[in-house]
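Novice: Enclosed is the structure file input_19.cif (mmCIF, C-alpha atoms).
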data_protein
#
loop_
_atom_site.label_atom_id
_atom_site.label_comp_id
_atom_site.auth_asym_id
_atom_site.auth_seq_id
_atom_site.Cartn_x
_atom_site.Cartn_y
_atom_site.Cartn_z
CA MET A 1 2.99 -7.81 -15.90
CA ILE A 2 6.12 -6.71 -17.74
CA ASP A 3 6.03 -7.77 -21.41
CA ILE A 4 9.33 -8.63 -23.14
CA SER A 5 7.85 -10.77 -25.92
CA LYS A 6 8.18 -7.91 -28.41
CA LEU A 7 11.96 -8.14 -28.13
CA GLY A 8 12.12 -11.53 -29.77
CA LYS A 9 14.68 -14.26 -29.15
CA THR A 10 17.46 -13.77 -26.60
CA PRO A 11 20.71 -13.04 -28.53
CA ASP A 12 23.27 -15.85 -28.77
CA TYR A 13 25.94 -13.75 -27.07
CA VAL A 14 23.91 -13.59 -23.87
CA LYS A 15 24.93 -16.27 -21.42
CA LYS A 16 22.11 -18.28 -19.94
CA GLN A 17 21.80 -19.00 -16.21
CA GLU A 18 23.61 -15.76 -15.45
CA LEU A 19 21.37 -14.26 -12.82
CA ASN A 20 24.32 -13.22 -10.65
CA ILE A 21 22.37 -13.73 -7.44
CA GLU A 22 24.18 -12.37 -4.41
CA LYS A 23 23.16 -12.67 -0.79
CA THR A 24 25.24 -9.94 0.80
CA GLY A 25 25.13 -6.17 0.73
CA GLY A 26 27.77 -3.52 1.10
CA SER A 27 29.09 -0.03 0.77
CA TYR A 28 27.69 3.13 -0.77
CA ILE A 29 26.86 3.33 -4.47
CA PRO A 30 24.54 6.02 -5.90
CA SER A 31 20.87 5.06 -6.10
CA ILE A 32 17.77 6.34 -7.89
CA THR A 33 14.94 8.19 -6.14
CA VAL A 34 11.48 9.25 -7.29
CA LEU A 35 10.89 12.81 -6.10
CA THR A 36 7.60 13.56 -4.34
CA GLY A 37 5.87 16.71 -3.22
CA MET A 38 7.67 16.39 0.12
CA SER A 39 11.17 15.91 -1.33
CA PRO A 40 13.63 18.63 -0.25
CA GLN A 41 15.09 18.66 -3.78
CA ILE A 42 11.97 20.46 -5.11
CA ASN A 43 11.81 22.96 -2.23
CA LYS A 44 13.50 26.23 -3.23
CA GLN A 45 13.70 27.21 0.42
CA ASN A 46 16.03 24.28 1.12
CA GLU A 47 19.29 25.81 -0.05
CA GLU A 48 21.32 22.71 0.81
CA LYS A 49 19.32 20.08 -1.12
CA TYR A 50 17.30 22.01 -3.71
CA VAL A 51 17.90 20.88 -7.30
CA LYS A 52 17.06 23.45 -9.95
CA GLY A 53 14.17 22.40 -12.16
CA ALA A 54 13.18 19.41 -10.01
CA GLU A 55 9.49 18.49 -9.84
CA ALA A 56 7.46 15.75 -8.20
CA GLY A 57 7.68 12.59 -10.31
CA ASP A 58 11.18 13.32 -11.60
CA LEU A 59 13.98 10.81 -11.04
CA LEU A 60 17.13 11.73 -9.16
CA ILE A 61 20.42 9.83 -9.29
CA SER A 62 21.98 10.47 -5.90
CA ALA A 63 25.58 10.82 -7.06
CA PRO A 64 27.97 13.29 -5.34
CA THR A 65 26.68 15.73 -7.96
CA PRO A 66 22.99 14.72 -8.26
CA VAL A 67 21.69 13.97 -11.76
CA LEU A 68 18.08 15.05 -12.39
CA VAL A 69 16.10 13.11 -15.00
CA LYS A 70 12.68 14.43 -16.01
CA ALA A 71 9.77 12.05 -15.56
CA ASP A 72 8.87 11.93 -19.26
CA GLU A 73 12.47 11.17 -20.27
CA GLY A 74 13.21 8.22 -18.02
CA ILE A 75 16.46 6.34 -17.52
CA GLU A 76 17.48 3.53 -19.85
CA PHE A 77 19.48 0.89 -17.99
CA ILE A 78 20.86 -2.63 -18.14
CA PRO A 79 20.92 -4.70 -14.92
CA ALA A 80 24.21 -6.34 -13.97
CA VAL A 81 23.79 -7.96 -10.54
CA TYR A 82 20.75 -8.95 -8.48
CA ARG A 83 20.94 -9.14 -4.70
CA GLU A 84 18.53 -11.39 -2.84
CA PRO A 85 15.99 -9.61 -0.59
CA TYR A 86 17.27 -8.46 2.78
CA TYR A 87 16.03 -6.30 5.64
CA VAL A 88 17.20 -2.87 6.74
CA VAL A 89 16.41 -1.89 10.33
CA TRP A 90 15.63 1.80 10.81
CA GLU A 91 15.45 3.65 14.11
CA SER A 92 14.02 7.05 15.00
CA ASP A 93 16.79 9.03 16.70
CA ASN A 94 14.58 11.34 18.76
CA ALA A 95 11.94 9.03 20.22
CA HIS A 96 9.36 9.49 17.45
CA LYS A 97 7.84 6.29 16.21
CA LEU A 98 8.31 5.06 12.63
CA ASP A 99 5.48 3.53 10.65
CA LYS A 100 5.72 0.06 9.08
CA MET A 101 7.48 1.45 6.01
CA GLY A 102 10.24 3.03 8.08
CA ASN A 103 8.83 6.52 7.53
CA ARG A 104 8.57 9.12 10.26
CA LYS A 105 5.15 9.50 11.84
CA GLU A 106 5.72 12.99 13.20
CA GLY A 107 7.20 16.03 11.51
CA GLY A 108 10.77 16.94 12.38
CA SER A 109 11.78 13.44 13.41
CA ARG A 110 14.96 12.01 11.90
CA LYS A 111 15.86 8.36 11.48
CA LYS A 112 19.07 6.38 11.30
CA ARG A 113 20.04 3.09 9.73
CA VAL A 114 20.72 0.43 12.37
CA GLY A 115 21.95 -2.31 10.05
CA GLU A 116 21.22 -4.85 7.31
CA PHE A 117 20.15 -8.43 7.92
CA THR A 118 19.87 -11.45 5.65
CA THR A 119 16.70 -12.79 7.28
CA LEU A 120 13.55 -11.29 8.77
CA ASP A 121 14.10 -13.26 11.98
CA SER A 122 17.48 -11.68 12.63
CA ALA A 123 16.15 -8.23 11.72
CA LEU A 124 13.27 -8.61 14.17
CA ILE A 125 15.68 -9.46 16.98
CA ALA A 126 17.46 -6.17 16.30
CA CYS A 127 14.13 -4.34 16.70
CA ASP A 128 14.37 -4.20 20.46
CA SER A 129 12.24 -1.08 20.87
CA GLU A 130 9.09 0.40 19.38
CA PHE A 131 11.23 3.01 17.62
CA LYS A 132 12.85 0.43 15.32
CA VAL A 133 11.36 -1.25 12.25
CA PRO A 134 12.69 -3.68 9.58
CA VAL A 135 12.01 -2.85 5.93
CA LYS A 136 12.30 -5.44 3.15
CA THR A 137 14.77 -4.29 0.47
CA ILE A 138 15.62 -5.62 -3.01
CA ASP A 139 18.60 -4.23 -4.95
CA TYR A 140 19.82 -4.39 -8.54
CA LEU A 141 23.18 -3.08 -9.62
CA ILE A 142 22.51 -1.38 -12.96
CA PHE A 143 24.41 0.52 -15.65
CA THR A 144 22.96 3.55 -17.43
CA PRO A 145 24.86 4.06 -20.71
CA LYS A 146 23.56 7.61 -21.27
CA TYR A 147 24.91 8.85 -17.95
CA MET A 148 28.30 7.14 -18.18
CA SER A 149 31.30 8.27 -20.19
CA LYS A 150 33.66 5.67 -21.66
CA ASP A 151 36.35 6.58 -19.12
CA ASP A 152 34.12 6.86 -16.08
CA GLN A 153 31.43 4.20 -16.12
CA LYS A 154 29.69 4.19 -12.76
CA PRO A 155 27.09 1.70 -11.54
CA ILE A 156 23.87 2.72 -9.81
CA ILE A 157 21.60 0.87 -7.41
CA LEU A 158 17.96 0.40 -8.38
CA ARG A 159 16.29 -0.20 -5.02
CA PHE A 160 12.85 -1.56 -4.20
CA ASP A 161 12.24 -0.74 -0.54
CA LYS A 162 8.62 0.39 -0.33
CA PRO A 163 5.34 -1.55 -0.51
CA SER A 164 4.41 0.49 -3.59
CA ARG A 165 7.43 -1.01 -5.38
CA TYR A 166 7.25 -4.66 -4.31
CA ARG A 167 4.75 -5.75 -6.99
CA LEU A 168 6.91 -4.16 -9.68
CA ALA A 169 9.98 -5.85 -8.18
CA ASP A 170 8.22 -9.22 -8.41
CA ASP A 171 7.20 -8.64 -12.04
CA PHE A 172 10.69 -7.42 -12.95
CA GLY A 173 12.34 -10.39 -11.27
CA GLU A 174 9.96 -12.82 -13.01
CA ALA A 175 10.81 -11.31 -16.41
CA LEU A 176 14.53 -11.70 -15.74
CA SER A 177 14.05 -15.28 -14.57
CA GLN A 178 12.26 -16.16 -17.79
CA GLU A 179 15.19 -14.75 -19.75
CA GLY A 180 17.74 -16.72 -17.74
CA SER A 181 20.08 -13.73 -17.73
CA VAL A 182 20.00 -10.51 -15.75
CA SER A 183 21.62 -8.43 -18.52
CA SER A 184 19.80 -9.54 -21.67
CA VAL A 185 17.38 -6.60 -21.90
CA ARG A 186 17.71 -2.82 -21.98
CA TRP A 187 14.97 -1.31 -19.81
CA CYS A 188 13.56 2.17 -19.25
CA LEU A 189 12.82 3.37 -15.72
CA THR A 190 10.19 6.08 -15.40
CA SER A 191 7.72 7.13 -12.73
CA LYS A 192 3.96 6.87 -12.52
CA TYR A 193 1.37 8.59 -10.38
CA ILE A 194 -0.92 6.41 -8.30
CA LYS A 195 -4.21 8.15 -7.53
CA GLU A 196 -5.13 6.65 -4.20
CA VAL A 197 -7.94 8.55 -2.49
CA ASP A 198 -6.23 9.10 0.85
CA ASN A 199 -2.60 9.00 -0.19
CA PRO A 200 -1.70 9.58 -3.89
CA TYR A 201 1.98 9.02 -4.66
CA PHE A 202 4.67 8.60 -7.31
CA THR A 203 6.48 5.30 -7.76
CA PHE A 204 8.72 3.49 -10.25
CA ASP A 205 7.59 2.06 -13.57
CA ILE A 206 9.70 -0.20 -15.83
CA ASN A 207 9.29 -1.15 -19.49
CA ALA A 208 11.39 -3.24 -21.88
CA VAL A 209 13.10 -1.23 -24.65
CA ASP A 210 15.52 -3.36 -26.64
CA ARG A 211 18.34 -5.90 -26.48
CA PRO A 212 21.79 -4.63 -25.50
CA LYS A 213 24.35 -4.68 -28.31
CA ALA A 214 27.00 -7.41 -28.14
CA ASP A 215 29.85 -5.02 -27.26
CA GLU A 216 27.65 -3.24 -24.72
CA TYR A 217 26.70 -6.54 -23.09
CA LYS A 218 30.34 -7.64 -22.92
CA ALA A 219 31.47 -4.34 -21.40
CA ILE A 220 28.76 -4.40 -18.73
CA SER A 221 29.50 -8.03 -17.83
CA THR A 222 33.17 -7.11 -17.31
CA LEU A 223 32.37 -3.99 -15.31
CA ALA A 224 29.94 -5.91 -13.11
CA GLU A 225 32.75 -8.16 -11.92
CA GLU A 226 34.93 -5.13 -11.17
CA VAL A 227 32.36 -3.30 -9.05
CA LYS A 228 30.92 -6.27 -7.16
CA PRO A 229 33.24 -5.72 -4.15
CA ALA A 230 31.76 -2.23 -3.69
CA PHE A 231 28.21 -3.56 -4.09
CA LEU A 232 28.68 -6.50 -1.75
CA GLY A 233 29.72 -6.81 1.86
CA GLN A 234 29.08 -8.97 4.90
CA ARG A 235 25.73 -8.52 6.61
CA LYS A 236 25.03 -9.62 10.12
CA LYS A 237 24.59 -13.38 10.25
CA PRO A 238 21.08 -14.79 10.72
CA VAL A 239 19.93 -15.49 14.25
CA THR A 240 17.77 -18.59 14.62
CA GLN A 241 16.03 -17.95 17.93
CA ILE A 242 13.52 -15.15 18.37
CA SER A 243 12.29 -13.64 21.61
CA ASP A 244 10.23 -10.49 22.25
CA VAL A 245 10.19 -9.60 18.56
CA ASN A 246 8.64 -6.45 17.15
CA SER A 247 5.91 -7.08 14.55
CA ASN A 248 6.36 -3.76 12.70
CA VAL A 249 7.51 -5.17 9.40
CA ILE A 250 6.58 -4.74 5.76
CA MET A 251 6.82 -7.94 3.69
#
Could you render the structure from this file as structure tokens?
Specialist:
Amino acid sequence: MIDISKLGKTPDYVKKQELNIEKTGGSYIPSITVLTGMSPQINKQNEEKYVKGAEAGDLLISAPTPVLVKADEGIEFIPAVYREPYYVVWESDNAHKLDKMGNRKEGGSRKKRVGEFTTLDSALIACDSEFKVPVKTIDYLIFTPKYMSKDDQKPIILRFDKPSRYRLADDFGEALSQEGSVSSVRWCLTSKYIKEVDNPYFTFDINAVDRPKADEYKAISTLAEEVKPAFLGQRKKPVTQISDVNSNVIM
């Protein structure tokens, strides 16, 4: 569980019932990735994607010019908007099957994004072949004060789209719900190494740091309204009848 009790009472300047829940998703905004041993950014032989100094466990902000953050440093952030869970359908583009997490089963296979859907039912209907799979996805639009100048404050997407991240997403969402405001806490995003016998991996970790200052909170609330159109868009409408659905789905 994520503990925010050490932060004390929610400041008076924080508006209650301000969860900013949105049900639609939209255009490209940089997101944060945890690098693994298979990430091209740590492979010096990959001239196109290699990032100098990158190691497994580091965090990468996928901006036009990628920003590398070392694992022990972490990224302090303040959430601005929460988007309700949705489903992204992925398809292998060269007849190689994907596993239930949307990952490639065979080396060399590439995958493409088919679309986003507001319900699992409608996503399953779009999975009309064994080479397509829906993946549950949860997004937060966040601001990272350290990586934003006063004249160029850019939002980032914190995305939970893997089974290894769903428990953390639930704990994080529960903490925000208890606060009654999505932007009342400054958090630190780091990575942690999970030592599973067959498949060890790196994943996100989140800890409460402090309360945002009043002027910081006000600025982020204003910026959130300005960038919502880029964060939001119209997904395909839910379909209520299902036939011949594919069961390859991660909940």
Novice: Spell out the residues picked by the PyMOL selection byres ((chain A and resi 130-132) around 6) here, as number ranges by chain.
Specialist: A: 90-92, 97, 127, 129, 133
Novice: Using the chain letters and numbering of this document, enumerate as a ChimeraX atom specification the residues selected by the PyMOL selection byres ((chain A and resi 208-213) around 8).
Specialist: /A:2-4,7,10-11,78,183-188,206-207,214-217
Novice: Write out as a PyMOL selection string the residues lying within 8 Å of segment 37-45 of chain A, counting all atoms listed in the file and excluding same-chain residues fewer than 5 positions away.
Specialist: chain A and resi 50-56
Novice: Please determine, counting all atoms listed in the file, which residue among A:Lys112, A:Lys6, A:Lys136, A:Arg167 has the shortest atom-to-atom distance to Tyr87 of chain A.
Specialist: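 Using all atoms listed in the file, Tyr87 of chain A sits closest to A:Lys136.
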Novice: Enter the distance from atom CA of Tyr193 of chain A to atom CA of Glu48 of chain A, in Å, rounded to one decimal.
Specialist: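 Result for atom CA of Tyr193 of chain A versus atom CA of Glu48 of chain A: 26.9 Å, one decimal.
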Novice: From the list A:Lys146, A:Arg83, A:Lys195, A:Arg113, which residue is nearest Leu158 of chain A when using all atoms listed in the file?
Specialist: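 Residue with the minimum atom-to-atom distance to Leu158 of chain A: A:Arg83.
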Novice: Given the choices A:Glu47, A:Thr137, A:Ala63, A:Asp121, which gets closest to Glu84 of chain A if the distance is worked out from only C-alpha atoms?
Specialist: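 That would be A:Thr137, the residue with the smallest distance to Glu84 of chain A.
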Novice: Tell me, in Å to one decimal, how far atom CA of Leu141 of chain A is from atom CA of Phe77 of chain A.
Specialist: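 Separation of atom CA of Leu141 of chain A and atom CA of Phe77 of chain A: 10.0 Å.
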Novice: Here is a test: counting only C-alpha atoms, which residue of A:Glu179, A:Glu116, A:Glu196, A:Glu174 is nearest to Val88 of chain A?
Specialist: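 Checking each of A:Glu179, A:Glu116, A:Glu196, A:Glu174 against Val88 of chain A, counting only C-alpha atoms, the winner is A:Glu116.
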Novice: Mind pulling up the distance from atom CA of Val227 of chain A to atom CA of Lys49 of chain A?
Specialist: 27.9 Å
Novice: Give me the residues near Ile156 of chain A as a PyMOL selection string, where near means some atom within 9 Å (using only C-alpha atoms) and where sequence neighbours in that chain fewer than 4 positions away do not count.
Specialist: chain A and resi 29-32+61-63+140-144
Novice: Suppose a student applies the PyMOL selection byres ((chain A and resi 165) around 12) to this structure; what residues should they get, written as a compact mmCIF listing (two decimals) with C-alpha atoms, in the coordinates of the input?
Specialist:
# COMPACT_ATOMS: atom_id res chain seq x y z
CA THR A 33 14.94 8.19 -6.14
CA VAL A 34 11.48 9.25 -7.29
CA MET A 101 7.48 1.45 6.01
CA LYS A 136 12.30 -5.44 3.15
CA THR A 137 14.77 -4.29 0.47
CA ILE A 138 15.62 -5.62 -3.01
CA ASP A 139 18.60 -4.23 -4.95
CA LEU A 158 17.96 0.40 -8.38
CA ARG A 159 16.29 -0.20 -5.02
CA PHE A 160 12.85 -1.56 -4.20
CA ASP A 161 12.24 -0.74 -0.54
CA LYS A 162 8.62 0.39 -0.33
CA PRO A 163 5.34 -1.55 -0.51
CA SER A 164 4.41 0.49 -3.59
CA TYR A 166 7.25 -4.66 -4.31
CA ARG A 167 4.75 -5.75 -6.99
CA LEU A 168 6.91 -4.16 -9.68
CA ALA A 169 9.98 -5.85 -8.18
CA ASP A 170 8.22 -9.22 -8.41
CA ASP A 171 7.20 -8.64 -12.04
CA PHE A 172 10.69 -7.42 -12.95
CA SER A 191 7.72 7.13 -12.73
CA LYS A 192 3.96 6.87 -12.52
CA ILE A 194 -0.92 6.41 -8.30
CA TYR A 201 1.98 9.02 -4.66
CA PHE A 202 4.67 8.60 -7.31
CA THR A 203 6.48 5.30 -7.76
CA PHE A 204 8.72 3.49 -10.25
CA ASP A 205 7.59 2.06 -13.57
CA ILE A 206 9.70 -0.20 -15.83
CA ILE A 250 6.58 -4.74 5.76
CA MET A 251 6.82 -7.94 3.69
Novice: Which is closest to Gly74 of chain A among A:Thr190, A:Gln178, A:Asn199, A:Ser221, if we use all atoms listed in the file?
Specialist: A:Thr190
Novice: Considering all atoms listed in the file, can you say which of A:Pro79, A:Gly8, A:Gly57, A:Pro64 comes closest to Ile220 of chain A?
Specialist: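 Going through A:Pro79, A:Gly8, A:Gly57, A:Pro64 one by one, the smallest distance to Ile220 of chain A is for A:Pro79.
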